[in-house]
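See below for the structure under consideration.
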Amino acid sequence: MDCAGEHKSACRFHHWVNHTLLKQRTRLETLFTKLKAGETPDESDYLPTRFTVGGELGDGFWWDFQLDGYGAWLWTLAKHIRMTGNRSLWDEVRPAVEMTIAYLRALWRSPNYDCWSATPPAPDTSVSLGILLHVPR
């Protein structure tokens with residue numbers, strides 16, 4: 001959207017992601033508790049992959065343990081803020097950004113699905129490298 005000059009649309013998208021992710025706090029708390037206890041998370045503990053326009057969970061089966069979309073959001077958000085100078089957006093979405101970074105830090109080495117596959121999770125070099133390059137440590 002930003003590349004096409006649709007900055008207001010991109011900003012609305014980032015607000016939507018923020019609102020949608022903040023509704024997933026309890027899910028993340030459960031996931032982090034299990035990880036700290038050395039337990040294997042259930043498939044339902046991971047952040048969802050599909051959402052409705054209203055920010056609710058999407059219908060239909062799809063693999064949820066995909067990290068690439070969350071990393072892509074952080075990347076596009078940073079690009080949007082640099083491109084538009086909209087620093088107030090950063091302040092508004094910071095809690096969702098911090099949640100997302102914590103999620104990616106905790107799981108980047110874990111076998112996961114990528115957006116192209118419907119096969120069982122496997123380590124994905126491109127996803128792991130992208131997270132390493134773009135998520136602050």
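Order determines the names: the first chain of the structure tokens is A, the second B, and so forth; residues in each chain are numbered 1 upward, and ligands are numbered 1 upward as they are shown.
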
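In the backbone-derived DSSP annotation, helix (DSSP H, G or I) within stretch 11-60 of chain A comprises Cys11, Arg12, Phe13, His14, His15, Trp16, Val17, Asn18, His19, Thr20, Leu21, Leu22, Arg25, Thr26, Arg27, Leu28, Glu29, Thr30, Leu31, Phe32, Thr33, Lys34, Leu35, Lys36, Glu43, Ser44 and Asp45 of chain A.
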
Completion exercise
Of A:Leu77, A:Leu47, A:Ala37, A:Cys3, the one nearest to A:Thr20 when counting only C-alpha atoms is A:Leu47

Practice task
Fewer than 6 positions away in the same chain doesn't count, so skip those; otherwise give me all residues within 12 Å of A:Asp42, counting only C-alpha atoms, as a list in words.
Solution key: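 Near A:Asp42, the qualifying residues are Arg27, Leu28, Thr30, Leu31, Phe32, Lys34, Leu35, Asp64 and Phe65 of chain A.
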
Residues as selected, N, CA and C atoms, written as a JSON list (two decimals), in the first residue's frame, can you do that?
```json
[["chain", "number", "residue", "atom", "x", "y", "z"],
["A", 27, "ARG", "N", -3.57, -15.81, 24.82],
["A", 27, "ARG", "CA", -2.99, -16.94, 24.09],
["A", 27, "ARG", "C", -1.47, -16.93, 24.25],
["A", 28, "LEU", "N", -0.86, -15.76, 24.10],
["A", 28, "LEU", "CA", 0.60, -15.67, 24.24],
["A", 28, "LEU", "C", 1.06, -15.95, 25.66],
["A", 30, "THR", "N", -0.31, -17.96, 27.75],
["A", 30, "THR", "CA", -0.37, -19.42, 27.88],
["A", 30, "THR", "C", 0.82, -20.07, 27.20],
["A", 31, "LEU", "N", 1.13, -19.62, 26.00],
["A", 31, "LEU", "CA", 2.25, -20.16, 25.25],
["A", 31, "LEU", "C", 3.57, -19.96, 26.00],
["A", 32, "PHE", "N", 3.82, -18.74, 26.46],
["A", 32, "PHE", "CA", 5.07, -18.45, 27.16],
["A", 32, "PHE", "C", 5.18, -19.24, 28.47],
["A", 34, "LYS", "N", 3.93, -22.22, 29.01],
["A", 34, "LYS", "CA", 4.28, -23.60, 28.63],
["A", 34, "LYS", "C", 5.76, -23.69, 28.22],
["A", 35, "LEU", "N", 6.22, -22.72, 27.45],
["A", 35, "LEU", "CA", 7.62, -22.76, 27.02],
["A", 35, "LEU", "C", 8.56, -22.66, 28.21],
["A", 64, "ASP", "N", -1.61, -22.88, 11.84],
["A", 64, "ASP", "CA", -1.43, -21.62, 12.56],
["A", 64, "ASP", "C", 0.01, -21.31, 12.93],
["A", 65, "PHE", "N", 0.84, -22.28, 13.02],
["A", 65, "PHE", "CA", 2.19, -21.97, 13.47],
["A", 65, "PHE", "C", 3.05, -21.50, 12.30]]
```

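Taking atom CA of A:Gly71 and atom CA of A:Thr100 as the two end points, the separation is 8.0 Å.
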
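Shortest atom-to-atom contact with A:His15 among A:Gly55, A:Thr84, A:Glu29, A:Gln66: A:Gly55, counting only C-alpha atoms.
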
Exercise for the section: Could you please determine the separation between atom CA of A:Val93 and atom CA of A:Asn18 in Å, to one decimal place? Expected result: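 Atom-to-atom, atom CA of A:Val93 to atom CA of A:Asn18, that is 5.5 Å.
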
Practice task
Tell me, in Å to one decimal, how far atom CA of A:Met99 is from atom CA of A:Gly69.
Solution key: 14.0 Å
